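Student: My structure file structure-v3.tsv, TSV, C-alpha atoms, is below:
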chain	number	residue	atom	x	y	z
A	25	MET	CA	-242.61	37.91	-58.29
A	26	ILE	CA	-243.54	35.57	-55.45
A	27	ILE	CA	-242.12	32.07	-54.88
A	28	ARG	CA	-244.51	29.70	-53.10
A	29	PRO	CA	-245.17	25.95	-52.78
A	30	ILE	CA	-247.09	24.48	-55.70
A	31	THR	CA	-250.81	23.69	-55.27
A	32	PRO	CA	-253.26	21.48	-57.20
A	33	GLY	CA	-254.61	24.63	-58.87
A	34	ASP	CA	-251.26	25.03	-60.67
A	35	LEU	CA	-251.63	21.79	-62.65
A	36	ASP	CA	-252.51	23.42	-65.99
A	37	ALA	CA	-249.51	25.75	-65.76
A	38	LEU	CA	-247.22	22.87	-64.83
A	39	VAL	CA	-248.39	20.86	-67.85
A	40	GLN	CA	-247.63	23.87	-70.07
A	41	ILE	CA	-244.14	24.19	-68.58
A	42	ALA	CA	-243.43	20.47	-68.99
A	43	THR	CA	-244.56	20.63	-72.62
A	44	GLU	CA	-242.68	23.74	-73.69
A	45	SER	CA	-239.44	22.80	-71.89
A	46	GLY	CA	-238.73	19.90	-74.28
A	47	PRO	CA	-237.64	16.26	-73.94
A	48	GLY	CA	-234.31	16.98	-72.27
A	49	PHE	CA	-236.02	18.49	-69.20
A	50	THR	CA	-236.27	15.15	-67.50
A	51	SER	CA	-237.55	16.14	-64.04
A	52	LEU	CA	-240.89	17.33	-65.50
A	53	MET	CA	-242.35	15.17	-68.25
A	54	PRO	CA	-245.58	16.22	-70.06
A	55	ASP	CA	-247.81	13.55	-68.50
A	56	ARG	CA	-250.80	15.19	-66.80
A	57	ASP	CA	-251.53	12.31	-64.42
A	58	ALA	CA	-247.88	12.01	-63.40
A	59	LEU	CA	-247.63	15.76	-62.84
A	60	SER	CA	-250.80	15.71	-60.73
A	61	ARG	CA	-249.25	13.01	-58.55
A	62	LYS	CA	-246.06	15.06	-58.32
A	63	ILE	CA	-248.05	18.06	-57.07
A	64	ASP	CA	-249.85	15.93	-54.46
A	65	HIS	CA	-246.51	14.53	-53.29
A	66	SER	CA	-245.10	18.04	-52.98
A	67	VAL	CA	-248.10	19.31	-51.01
A	68	ASP	CA	-247.72	16.36	-48.63
A	69	SER	CA	-243.96	16.95	-48.30
A	70	PHE	CA	-244.37	20.59	-47.24
A	71	THR	CA	-246.86	19.64	-44.52
A	72	ARG	CA	-244.92	16.71	-43.03
A	73	THR	CA	-243.08	16.89	-39.73
A	74	VAL	CA	-239.54	15.91	-40.72
A	75	THR	CA	-236.46	15.18	-38.61
A	76	LYS	CA	-234.32	13.71	-41.38
A	77	PRO	CA	-234.63	13.67	-45.17
A	78	GLY	CA	-236.83	11.00	-46.74
A	79	ASP	CA	-238.82	10.75	-49.94
A	80	GLU	CA	-240.00	14.36	-49.74
A	81	HIS	CA	-240.10	16.40	-52.94
A	82	TYR	CA	-240.55	20.16	-52.66
A	83	LEU	CA	-241.81	21.87	-55.81
A	84	PHE	CA	-242.13	25.66	-55.91
A	85	VAL	CA	-243.71	27.97	-58.49
A	86	LEU	CA	-242.81	31.52	-59.37
A	87	GLU	CA	-245.96	33.63	-59.65
A	88	ASP	CA	-246.46	37.09	-61.12
A	89	SER	CA	-248.35	38.64	-58.21
A	90	THR	CA	-250.01	41.18	-60.52
A	91	THR	CA	-251.44	38.80	-63.14
A	92	GLY	CA	-251.40	35.49	-61.26
A	93	ASP	CA	-249.44	33.87	-64.11
A	94	ILE	CA	-247.06	31.02	-63.23
A	95	ILE	CA	-243.78	32.01	-64.84
A	96	GLY	CA	-241.40	29.32	-63.60
A	97	THR	CA	-240.72	26.35	-61.36
A	98	THR	CA	-237.94	25.13	-59.11
A	99	GLY	CA	-237.64	22.09	-56.87
A	100	ILE	CA	-235.72	20.07	-54.31
A	101	GLU	CA	-235.70	16.29	-53.86
A	102	ALA	CA	-234.74	15.62	-50.25
A	103	ALA	CA	-233.08	12.22	-50.74
A	104	ALA	CA	-232.58	11.24	-54.36
A	105	GLY	CA	-232.11	7.63	-55.41
A	106	VAL	CA	-233.91	6.09	-52.42
A	107	SER	CA	-237.39	5.34	-53.78
A	108	ARG	CA	-235.95	4.46	-57.21
A	109	PRO	CA	-232.33	4.15	-58.36
A	110	LEU	CA	-230.33	7.22	-59.34
A	111	VAL	CA	-227.90	5.90	-61.93
A	112	HIS	CA	-225.06	7.67	-63.72
A	113	PHE	CA	-222.02	6.95	-65.84
A	114	ARG	CA	-218.73	7.49	-64.01
A	115	ARG	CA	-215.86	8.70	-66.15
A	116	ASN	CA	-212.69	6.65	-65.57
A	117	ALA	CA	-209.17	6.77	-66.91
A	118	VAL	CA	-208.12	3.19	-67.70
A	119	VAL	CA	-204.42	2.40	-68.02
A	120	HIS	CA	-203.58	-0.57	-70.25
A	121	HIS	CA	-200.37	-2.15	-68.98
A	122	LYS	CA	-197.79	-3.68	-71.27
A	123	GLU	CA	-194.51	-5.32	-70.44
A	124	ASP	CA	-192.89	-2.64	-72.52
A	125	ARG	CA	-193.52	0.54	-70.52
A	126	GLN	CA	-193.35	2.65	-73.65
A	127	LYS	CA	-196.37	0.79	-75.03
A	128	ARG	CA	-198.61	1.43	-72.02
A	129	TYR	CA	-201.49	3.79	-72.71
A	130	ALA	CA	-204.54	5.31	-71.02
A	131	GLU	CA	-208.05	5.72	-72.33
A	132	GLU	CA	-211.35	6.91	-70.92
A	133	SER	CA	-214.30	4.68	-70.12
A	134	LEU	CA	-217.83	5.20	-68.83
A	135	ILE	CA	-219.12	2.78	-66.18
A	136	ARG	CA	-222.72	2.59	-64.94
A	137	CYS	CA	-222.95	3.24	-61.19
A	138	GLN	CA	-225.17	4.38	-58.30
A	139	HIS	CA	-223.05	6.94	-56.48
A	140	TYR	CA	-225.39	9.62	-55.11
A	141	THR	CA	-228.00	7.56	-53.24
A	142	GLY	CA	-229.56	9.64	-50.46
A	143	CYS	CA	-228.16	13.00	-51.55
A	144	THR	CA	-230.40	16.05	-51.82
A	145	GLU	CA	-231.00	17.09	-55.43
A	146	VAL	CA	-231.94	20.53	-56.74
A	147	CYS	CA	-234.05	20.11	-59.87
A	148	SER	CA	-237.07	21.18	-61.94
A	149	LEU	CA	-235.79	24.71	-62.52
A	150	TYR	CA	-237.45	26.35	-65.51
A	151	LEU	CA	-238.11	29.98	-66.35
A	152	ARG	CA	-240.67	30.43	-69.13
A	153	PRO	CA	-239.26	32.32	-72.15
A	154	GLY	CA	-242.08	34.85	-72.33
A	155	TYR	CA	-241.58	35.97	-68.75
A	156	ARG	CA	-237.82	36.40	-68.44
A	157	ARG	CA	-236.97	39.45	-66.38
A	158	ALA	CA	-234.34	40.83	-64.03
A	159	ASN	CA	-233.48	38.55	-61.07
A	160	ALA	CA	-236.08	35.90	-61.94
A	161	GLY	CA	-233.44	33.24	-62.60
A	162	LYS	CA	-231.46	34.14	-59.49
A	163	LEU	CA	-234.60	33.88	-57.39
A	164	LEU	CA	-235.51	30.46	-58.80
A	165	SER	CA	-232.01	29.09	-58.23
A	166	ARG	CA	-230.97	30.62	-54.92
A	167	VAL	CA	-234.30	30.43	-53.08
A	168	ARG	CA	-233.77	26.66	-52.74
A	169	PHE	CA	-230.59	27.24	-50.75
A	170	LEU	CA	-232.33	29.79	-48.54
A	171	PHE	CA	-235.00	27.13	-47.88
A	172	MET	CA	-232.27	24.60	-47.01
A	173	ALA	CA	-230.70	27.07	-44.58
A	174	LEU	CA	-234.10	27.61	-42.99
A	175	HIS	CA	-234.95	23.87	-42.70
A	176	PRO	CA	-231.60	21.98	-42.57
A	177	GLU	CA	-233.13	18.88	-40.95
A	178	ARG	CA	-235.06	18.21	-44.16
A	179	PHE	CA	-231.97	17.84	-46.37
A	180	ALA	CA	-228.86	15.69	-46.77
A	181	ASP	CA	-225.29	16.79	-46.19
A	182	THR	CA	-224.47	16.59	-49.91
A	183	VAL	CA	-226.45	18.46	-52.56
A	184	ILE	CA	-226.32	17.59	-56.26
A	185	ALA	CA	-227.65	19.04	-59.51
A	186	GLU	CA	-228.09	16.93	-62.65
A	187	MET	CA	-227.54	19.34	-65.51
A	188	ARG	CA	-229.35	19.06	-68.82
A	189	GLY	CA	-227.02	17.73	-71.50
A	190	VAL	CA	-226.57	18.86	-75.09
A	191	SER	CA	-229.46	18.37	-77.52
A	192	ASP	CA	-230.65	20.20	-80.62
A	193	PRO	CA	-233.96	22.09	-81.06
A	194	SER	CA	-235.67	18.93	-82.30
A	195	GLY	CA	-234.63	17.12	-79.12
A	196	GLN	CA	-231.89	14.93	-80.61
A	197	SER	CA	-228.93	14.18	-78.34
A	198	PRO	CA	-225.50	13.50	-79.94
A	199	PHE	CA	-224.61	11.29	-76.98
A	200	TRP	CA	-227.77	9.18	-77.24
A	201	ASP	CA	-227.57	9.08	-81.03
A	202	TRP	CA	-224.39	7.04	-80.62
A	203	LEU	CA	-225.39	5.09	-77.53
A	204	LYS	CA	-228.74	3.89	-78.90
A	205	HIS	CA	-226.98	1.89	-81.61
A	206	GLN	CA	-225.12	0.01	-78.87
A	207	VAL	CA	-228.06	-0.60	-76.53
A	208	ALA	CA	-231.59	0.14	-77.86
A	209	ASP	CA	-232.94	1.59	-81.06
A	210	LEU	CA	-235.15	4.16	-79.32
A	211	ASP	CA	-235.37	7.85	-80.08
A	212	PHE	CA	-234.19	10.22	-77.35
A	213	ARG	CA	-237.69	11.31	-76.33
A	214	SER	CA	-238.88	7.71	-75.88
A	215	ALA	CA	-235.79	6.70	-73.93
A	216	THR	CA	-236.16	9.73	-71.68
A	217	GLN	CA	-239.83	8.96	-70.99
A	218	LEU	CA	-239.06	5.35	-70.08
A	219	ALA	CA	-236.19	6.31	-67.78
A	220	CYS	CA	-237.99	9.19	-66.06
A	221	CYS	CA	-241.24	7.33	-65.53
A	222	GLY	CA	-239.37	4.65	-63.62
A	223	GLN	CA	-240.13	1.97	-66.20
A	224	SER	CA	-239.22	-1.26	-64.48
A	225	GLY	CA	-235.95	-2.72	-65.70
A	226	PHE	CA	-235.29	-0.03	-68.34
A	227	ILE	CA	-231.77	0.79	-67.14
A	228	GLU	CA	-230.80	-2.82	-66.46
A	229	LYS	CA	-232.14	-3.92	-69.83
A	230	PHE	CA	-230.80	-1.18	-72.07
A	231	ILE	CA	-227.82	0.48	-70.34
A	232	PRO	CA	-224.86	-1.91	-70.15
A	233	ALA	CA	-222.99	-2.53	-66.91
A	234	LYS	CA	-219.76	-3.19	-68.81
A	235	PRO	CA	-217.42	-0.25	-69.56
A	236	LEU	CA	-218.05	1.87	-72.64
A	237	TYR	CA	-214.83	3.21	-74.14
A	238	THR	CA	-215.03	6.76	-75.43
A	239	ARG	CA	-212.55	6.01	-78.25
A	240	GLN	CA	-215.31	3.94	-79.83
A	241	MET	CA	-217.75	6.87	-79.87
A	242	THR	CA	-218.39	9.29	-82.65
A	243	GLY	CA	-216.60	12.62	-82.30
A	244	GLU	CA	-219.95	14.36	-81.78
A	245	ALA	CA	-220.88	12.07	-78.88
A	246	ARG	CA	-217.48	12.30	-77.25
A	247	ALA	CA	-217.46	16.11	-77.47
A	248	VAL	CA	-220.65	16.56	-75.41
A	249	ILE	CA	-219.73	14.33	-72.44
A	250	GLY	CA	-219.90	16.55	-69.37
A	251	GLN	CA	-221.25	19.51	-71.37
A	252	VAL	CA	-224.59	21.27	-70.83
A	253	HIS	CA	-227.44	22.45	-73.03
A	254	GLU	CA	-227.14	26.03	-74.27
A	255	ASP	CA	-230.07	27.12	-72.08
A	256	THR	CA	-228.41	25.52	-69.05
A	257	ARG	CA	-225.03	27.24	-69.25
A	258	PRO	CA	-226.06	30.22	-67.07
A	259	ALA	CA	-227.53	27.82	-64.49
A	260	ARG	CA	-224.26	25.88	-64.38
A	261	HIS	CA	-222.22	29.05	-63.95
A	262	MET	CA	-224.46	30.18	-61.09
A	263	LEU	CA	-224.15	26.82	-59.33
A	264	GLU	CA	-220.37	26.91	-59.75
A	265	ARG	CA	-220.33	30.34	-58.11
A	266	GLU	CA	-222.22	28.74	-55.23
A	267	GLY	CA	-219.40	26.19	-54.85
A	268	PHE	CA	-220.73	23.25	-56.92
A	269	ARG	CA	-218.20	21.15	-58.86
A	270	HIS	CA	-218.32	18.36	-61.44
A	271	ARG	CA	-216.70	15.15	-60.13
A	272	GLY	CA	-216.92	13.00	-63.26
A	273	PHE	CA	-220.49	11.65	-63.10
A	274	VAL	CA	-222.67	12.16	-66.19
A	275	ASP	CA	-226.20	11.37	-67.30
A	276	LEU	CA	-226.93	7.99	-68.88
A	277	LEU	CA	-228.88	9.41	-71.82
A	278	ASP	CA	-227.43	12.79	-72.79
A	279	GLY	CA	-224.03	12.81	-71.04
A	280	GLY	CA	-224.84	15.99	-69.07
A	281	PRO	CA	-222.76	16.57	-65.92
A	282	THR	CA	-223.86	16.18	-62.32
A	283	LEU	CA	-222.51	18.86	-59.97
A	284	GLU	CA	-222.15	18.47	-56.22
A	285	CYS	CA	-221.41	20.50	-53.09
A	286	PRO	CA	-221.59	19.92	-49.33
A	287	ARG	CA	-224.75	21.68	-48.14
A	288	SER	CA	-222.90	23.65	-45.48
A	289	ASP	CA	-220.44	24.94	-48.10
A	290	ILE	CA	-223.06	26.33	-50.49
A	291	ALA	CA	-222.52	30.10	-50.56
A	292	SER	CA	-226.21	31.01	-50.39
A	293	VAL	CA	-226.75	28.64	-47.44
A	294	ARG	CA	-223.92	30.38	-45.60
A	295	ASP	CA	-225.13	33.86	-46.55
A	296	THR	CA	-228.74	33.38	-45.44
A	297	PHE	CA	-229.64	34.73	-42.02
A	298	LEU	CA	-232.72	35.03	-39.81
A	299	ALA	CA	-233.99	38.23	-38.28
A	300	SER	CA	-237.13	39.72	-36.75
A	301	ALA	CA	-239.30	41.69	-39.15
A	302	VAL	CA	-240.03	45.31	-38.27
A	303	LEU	CA	-242.84	46.67	-40.42
A	304	GLU	CA	-242.44	50.25	-41.56
A	305	LYS	CA	-243.63	52.44	-44.39
A	306	ARG	CA	-240.70	54.54	-45.50
A	307	GLU	CA	-239.60	56.25	-48.65
A	308	GLN	CA	-235.91	55.84	-47.93
A	309	ASP	CA	-233.70	53.32	-46.17
A	310	PRO	CA	-232.32	55.25	-43.17
A	311	SER	CA	-229.26	53.02	-42.99
A	312	SER	CA	-228.09	53.92	-46.51
A	313	ASN	CA	-226.17	56.96	-47.61
A	314	ALA	CA	-228.10	59.60	-49.53
A	315	GLY	CA	-228.20	58.87	-53.23
A	316	GLU	CA	-226.99	55.26	-52.93
A	317	PRO	CA	-229.29	52.64	-54.42
A	318	ARG	CA	-230.71	50.00	-52.11
A	319	LYS	CA	-229.33	46.49	-52.52
A	320	SER	CA	-231.58	43.69	-53.75
A	321	ALA	CA	-232.02	40.55	-51.67
A	322	ILE	CA	-234.17	37.43	-51.49
A	323	VAL	CA	-236.53	37.84	-48.54
A	324	ALA	CA	-238.85	35.14	-47.20
A	325	ASN	CA	-240.96	34.20	-44.25
A	326	ALA	CA	-239.77	31.34	-42.02
A	327	SER	CA	-242.67	28.98	-42.72
A	328	CYS	CA	-242.53	25.65	-44.53
A	329	SER	CA	-246.00	24.87	-45.90
A	330	GLU	CA	-246.85	28.59	-46.20
A	331	PHE	CA	-243.42	29.62	-47.46
A	332	ARG	CA	-243.28	32.84	-49.48
A	333	ALA	CA	-240.22	34.57	-50.97
A	334	THR	CA	-239.37	37.35	-53.39
A	335	VAL	CA	-236.53	39.55	-54.66
A	336	THR	CA	-236.78	43.11	-53.41
A	337	ASP	CA	-234.92	46.24	-52.40
A	338	GLN	CA	-237.72	47.20	-49.98
A	339	VAL	CA	-236.10	45.34	-47.07
A	340	TRP	CA	-232.91	46.24	-45.27
A	341	PRO	CA	-231.07	45.15	-42.08
A	342	ALA	CA	-231.60	47.64	-39.28
A	343	PRO	CA	-228.23	48.97	-38.04
A	344	ASP	CA	-226.70	47.13	-35.04
A	345	THR	CA	-229.72	44.88	-34.48
A	346	TYR	CA	-231.07	41.49	-35.50
A	347	ASN	CA	-234.03	43.20	-37.17
A	348	LEU	CA	-235.08	43.54	-40.79
A	349	VAL	CA	-237.06	46.59	-41.82
A	350	VAL	CA	-239.82	45.46	-44.19
A	351	GLU	CA	-242.12	47.70	-46.20
A	352	GLU	CA	-245.71	47.04	-45.08
A	353	GLN	CA	-247.26	46.09	-48.42
A	354	LEU	CA	-244.46	43.63	-49.12
A	355	ALA	CA	-244.86	42.15	-45.65
A	356	ARG	CA	-248.49	41.34	-46.45
A	357	GLN	CA	-247.46	39.56	-49.67
A	358	LEU	CA	-244.91	37.47	-47.74
A	359	ASP	CA	-247.27	36.77	-44.79
A	360	LEU	CA	-244.89	38.57	-42.45
A	361	GLY	CA	-246.18	40.12	-39.25
A	362	ASP	CA	-244.43	42.65	-37.04
A	363	GLY	CA	-241.86	40.70	-34.99
A	364	SER	CA	-242.14	37.47	-37.00
A	365	LEU	CA	-239.04	35.68	-38.26
A	366	ALA	CA	-237.84	36.54	-41.75
A	367	CYS	CA	-235.05	35.13	-43.94
A	368	TYR	CA	-232.66	37.43	-45.80
A	369	LEU	CA	-230.22	36.49	-48.56
A	370	PRO	CA	-228.32	39.37	-50.22
A	371	LEU	CA	-227.95	39.11	-53.97
A	372	GLY	CA	-224.82	40.15	-55.82
A	373	GLN	CA	-221.59	38.49	-54.77
A	374	THR	CA	-221.72	35.20	-52.88
A	375	SER	CA	-219.53	34.56	-49.85
A	376	HIS	CA	-217.18	32.60	-52.14
A	377	GLN	CA	-216.52	35.88	-53.93
A	378	SER	CA	-216.57	38.32	-51.03
A	379	GLN	CA	-214.15	37.04	-48.39
A	380	GLY	CA	-213.15	39.88	-46.12
A	381	ARG	CA	-216.04	42.15	-47.07
A	382	GLN	CA	-217.94	43.59	-44.10
A	383	GLN	CA	-221.30	41.84	-43.61
A	384	PRO	CA	-224.42	43.08	-41.80
A	385	ARG	CA	-225.01	41.87	-38.26
A	386	GLN	CA	-226.41	38.36	-38.78
A	387	LYS	CA	-228.17	35.63	-36.92
A	388	PRO	CA	-227.34	32.46	-38.94
A	389	ALA	CA	-230.17	30.32	-40.22
A	390	THR	CA	-229.67	26.70	-38.95
A	391	GLU	CA	-228.10	38.94	-64.77
A	392	GLU	CA	-231.15	37.82	-66.60
A	393	ILE	CA	-230.64	34.25	-67.67
A	394	ARG	CA	-232.19	31.29	-69.42
A	395	TYR	CA	-232.74	28.26	-67.26
A	396	ALA	CA	-233.62	24.63	-67.83
A	397	TYR	CA	-232.28	21.67	-65.84
Kindly present the structure from the file in structure tokens form.

Tutor:
Amino acid sequence: MIIRPITPGDLDALVQIATESGPGFTSLMPDRDALSRKIDHSVDSFTRTVTKPGDEHYLFVLEDSTTGDIIGTTGIEAAAGVSRPLVHFRRNAVVHHKEDRQKRYAEESLIRCQHYTGCTEVCSLYLRPGYRRANAGKLLSRVRFLFMALHPERFADTVIAEMRGVSDPSGQSPFWDWLKHQVADLDFRSATQLACCGQSGFIEKFIPAKPLYTRQMTGEARAVIGQVHEDTRPARHMLEREGFRHRGFVDLLDGGPTLECPRSDIASVRDTFLASAVLEKREQDPSSNAGEPRKSAIVANASCSEFRATVTDQVWPAPDTYNLVVEEQLARQLDLGDGSLACYLPLGQTSHQSQGRQQPRQKPATEEIRYAY
């Protein structure tokens, strides 16, 4: 499995992914022309010289290096909410005051807001059902944080993830099923297409600025606020292990939660380090004890436009050096030459889970799962 930047030749595969992922997968809609423009924007973003985050959008694909099949996608938006508004509902506890203290009561409301303008957003993560295999989901999720560690100037100090909310197999959302009767009699798919295509005035016209009180909702709608789609639960758990937390902001259409974390606090950003590649062809890692299995890690070159990454146990830190020993065939797949810079991110426990554990000598860089968010 090789992660690389998307190219125009991947358009057909991207259309297939956008179609099979369903209407709740809002960062990739099945519109061929729009997806073609998204690819062009990504190609341009990878080749730009950047000193601070702007409207760049980095879209990666996961390729089976044996068959050439595209088996998944993952992406990063450098500064969300700048080119077009990023709008959420904020959950609030409202206290209704009465002269008689015993009659005061609190209730929850949802208020439309723009809170995350300019934050970096991880998005467009999808692993195709027919290709699910060991470590594919971890690679798609965590490679973005390795890329942030490698190119910190391209990303904001706060990173967010808008998680896919609850919907059924036919694409119906309990949250929207209630909300549409208050605002617009549109089915969930149509509302999602209008919102995601940046339809002028859609949010202002259909999503009220006044508070919505959850006591007025159906029980089904109220129960899914802040909850995620079944296929997104593993992705949420992985992000929470990285240090992401829900702060009360939810999606306007399906009520799914937005998670956030300071970029410098993301476990995989902290655990990524740079080293010089040393190309060798060996049958056994000399730094490991006999009989012990090698540890898997995400390994990548240090490029931007020619970025390549994979999960492997054919790379290991050389003892007491800043070098990484890389098997020669793998080095060719990752465009790594002898002495070139390589990125290394151990899998397994994150630094949030491994305080006090001995780490390899590092030079800091400035479970099979279902995924869809």

Student: I'd like to know which of A:Cys220, A:Val248, A:Ala299, A:Ala180 is closest to Asp192 in chain A, using only C-alpha atoms.

Tutor: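 Of A:Cys220, A:Val248, A:Ala299, A:Ala180, the one nearest Asp192 in chain A is A:Val248, counting only C-alpha atoms.
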
Student: Skipping near chain neighbours, those fewer than 6 positions away, what residues fall within 10 Å of range 268-281 of chain A using only C-alpha atoms, listed as a ChimeraX atom specification?

Tutor: /A:48,110-116,134-140,183-191,196-201,203-204,212,215-216,219,227,231,245-253,260-262,287,289-291,397

Student: Could you dump the residues just selected with C-alpha atoms as a PDB file, keeping the file's coordinate frame?

Tutor:
ATOM      1  CA  GLY A  48    -234.310  16.980 -72.270  1.00  0.00           C
ATOM      2  CA  LEU A 110    -230.330   7.220 -59.340  1.00  0.00           C
ATOM      3  CA  VAL A 111    -227.900   5.900 -61.930  1.00  0.00           C
ATOM      4  CA  HIS A 112    -225.060   7.670 -63.720  1.00  0.00           C
ATOM      5  CA  PHE A 113    -222.020   6.950 -65.840  1.00  0.00           C
ATOM      6  CA  ARG A 114    -218.730   7.490 -64.010  1.00  0.00           C
ATOM      7  CA  ARG A 115    -215.860   8.700 -66.150  1.00  0.00           C
ATOM      8  CA  ASN A 116    -212.690   6.650 -65.570  1.00  0.00           C
ATOM      9  CA  LEU A 134    -217.830   5.200 -68.830  1.00  0.00           C
ATOM     10  CA  ILE A 135    -219.120   2.780 -66.180  1.00  0.00           C
ATOM     11  CA  ARG A 136    -222.720   2.590 -64.940  1.00  0.00           C
ATOM     12  CA  CYS A 137    -222.950   3.240 -61.190  1.00  0.00           C
ATOM     13  CA  GLN A 138    -225.170   4.380 -58.300  1.00  0.00           C
ATOM     14  CA  HIS A 139    -223.050   6.940 -56.480  1.00  0.00           C
ATOM     15  CA  TYR A 140    -225.390   9.620 -55.110  1.00  0.00           C
ATOM     16  CA  VAL A 183    -226.450  18.460 -52.560  1.00  0.00           C
ATOM     17  CA  ILE A 184    -226.320  17.590 -56.260  1.00  0.00           C
ATOM     18  CA  ALA A 185    -227.650  19.040 -59.510  1.00  0.00           C
ATOM     19  CA  GLU A 186    -228.090  16.930 -62.650  1.00  0.00           C
ATOM     20  CA  MET A 187    -227.540  19.340 -65.510  1.00  0.00           C
ATOM     21  CA  ARG A 188    -229.350  19.060 -68.820  1.00  0.00           C
ATOM     22  CA  GLY A 189    -227.020  17.730 -71.500  1.00  0.00           C
ATOM     23  CA  VAL A 190    -226.570  18.860 -75.090  1.00  0.00           C
ATOM     24  CA  SER A 191    -229.460  18.370 -77.520  1.00  0.00           C
ATOM     25  CA  GLN A 196    -231.890  14.930 -80.610  1.00  0.00           C
ATOM     26  CA  SER A 197    -228.930  14.180 -78.340  1.00  0.00           C
ATOM     27  CA  PRO A 198    -225.500  13.500 -79.940  1.00  0.00           C
ATOM     28  CA  PHE A 199    -224.610  11.290 -76.980  1.00  0.00           C
ATOM     29  CA  TRP A 200    -227.770   9.180 -77.240  1.00  0.00           C
ATOM     30  CA  ASP A 201    -227.570   9.080 -81.030  1.00  0.00           C
ATOM     31  CA  LEU A 203    -225.390   5.090 -77.530  1.00  0.00           C
ATOM     32  CA  LYS A 204    -228.740   3.890 -78.900  1.00  0.00           C
ATOM     33  CA  PHE A 212    -234.190  10.220 -77.350  1.00  0.00           C
ATOM     34  CA  ALA A 215    -235.790   6.700 -73.930  1.00  0.00           C
ATOM     35  CA  THR A 216    -236.160   9.730 -71.680  1.00  0.00           C
ATOM     36  CA  ALA A 219    -236.190   6.310 -67.780  1.00  0.00           C
ATOM     37  CA  ILE A 227    -231.770   0.790 -67.140  1.00  0.00           C
ATOM     38  CA  ILE A 231    -227.820   0.480 -70.340  1.00  0.00           C
ATOM     39  CA  ALA A 245    -220.880  12.070 -78.880  1.00  0.00           C
ATOM     40  CA  ARG A 246    -217.480  12.300 -77.250  1.00  0.00           C
ATOM     41  CA  ALA A 247    -217.460  16.110 -77.470  1.00  0.00           C
ATOM     42  CA  VAL A 248    -220.650  16.560 -75.410  1.00  0.00           C
ATOM     43  CA  ILE A 249    -219.730  14.330 -72.440  1.00  0.00           C
ATOM     44  CA  GLY A 250    -219.900  16.550 -69.370  1.00  0.00           C
ATOM     45  CA  GLN A 251    -221.250  19.510 -71.370  1.00  0.00           C
ATOM     46  CA  VAL A 252    -224.590  21.270 -70.830  1.00  0.00           C
ATOM     47  CA  HIS A 253    -227.440  22.450 -73.030  1.00  0.00           C
ATOM     48  CA  ARG A 260    -224.260  25.880 -64.380  1.00  0.00           C
ATOM     49  CA  HIS A 261    -222.220  29.050 -63.950  1.00  0.00           C
ATOM     50  CA  MET A 262    -224.460  30.180 -61.090  1.00  0.00           C
ATOM     51  CA  ARG A 287    -224.750  21.680 -48.140  1.00  0.00           C
ATOM     52  CA  ASP A 289    -220.440  24.940 -48.100  1.00  0.00           C
ATOM     53  CA  ILE A 290    -223.060  26.330 -50.490  1.00  0.00           C
ATOM     54  CA  ALA A 291    -222.520  30.100 -50.560  1.00  0.00           C
ATOM     55  CA  TYR A 397    -232.280  21.670 -65.840  1.00  0.00           C
TER      56      TYR A 397
END

Student: Which of these, A:Asp79, A:Glu304, A:Asp55, A:Asp34, has the shortest distance to Thr97 in chain A once you count only C-alpha atoms?

Tutor: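 The answer is A:Asp34, which sits nearest to Thr97 in chain A.
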
Student: Can you work out the spacing between CA of Lys319 in chain A and CA of Tyr368 in chain A in Å, to one decimal?

Tutor: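 One can read the CA of Lys319 in chain A to CA of Tyr368 in chain A distance as 11.8 Å.
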
Student: Range 274-292 of chain A, all listed atoms, 5 Å padding on each side: what axis-aligned box centre and edge lengths in Å to one decimal come out, as JSON?

Tutor:
{"center_x": -224.7, "center_y": 19.5, "center_z": -59.1, "size_x": 18.4, "size_y": 33.0, "size_z": 37.3}

Student: Find the spatial neighbours of Arg168 in chain A, counting all atoms listed in the file, within a cut-off of 10 Å - ignore same-chain residues fewer than 6 positions away - and output them as an NGL selection string.

Tutor: :A and (82-84 or 98-100 or 146-147 or 174 or 292-293)

Student: Go through A:Ser194, A:Gln40, A:Ser133, A:Ser60 and flag the residue nearest Arg213 in chain A, using all atoms listed in the file for the distances.

Tutor: A:Ser194

Student: One number please: CA of Val118 in chain A to CA of Tyr237 in chain A, in Å, one decimal.

Tutor: 9.3 Å

Student: Of the candidates A:Ser329, A:Thr75, A:Thr31, A:Thr296, which one gets nearest to Phe169 in chain A if we count all atoms listed in the file?

Tutor: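 Nearest to Phe169 in chain A: A:Thr296.
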
Student: In Å, with one decimal, what is the gap from CA of Arg61 in chain A to CA of His81 in chain A?

Tutor: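 Result for CA of Arg61 in chain A versus CA of His81 in chain A: 11.3 Å, one decimal.
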
Student: May I have the protein, DNA and RNA residues with an atom at most 12 Å from (-251.6, 44.4, -56.9), counting only C-alpha atoms in the file's coordinates, returned as a ChimeraX atom specification?

Tutor: /A:25,88-92,353-354,356-357

Student: For the selection just defined, write its residues with C-alpha atoms to a file, as a compact mmCIF listing (two decimals), keeping the file's coordinate frame.

Tutor:
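Final file, part03.txt:
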# COMPACT_ATOMS: atom_id res chain seq x y z
CA MET A 25 -242.61 37.91 -58.29
CA ASP A 88 -246.46 37.09 -61.12
CA SER A 89 -248.35 38.64 -58.21
CA THR A 90 -250.01 41.18 -60.52
CA THR A 91 -251.44 38.80 -63.14
CA GLY A 92 -251.40 35.49 -61.26
CA GLN A 353 -247.26 46.09 -48.42
CA LEU A 354 -244.46 43.63 -49.12
CA ARG A 356 -248.49 41.34 -46.45
CA GLN A 357 -247.46 39.56 -49.67
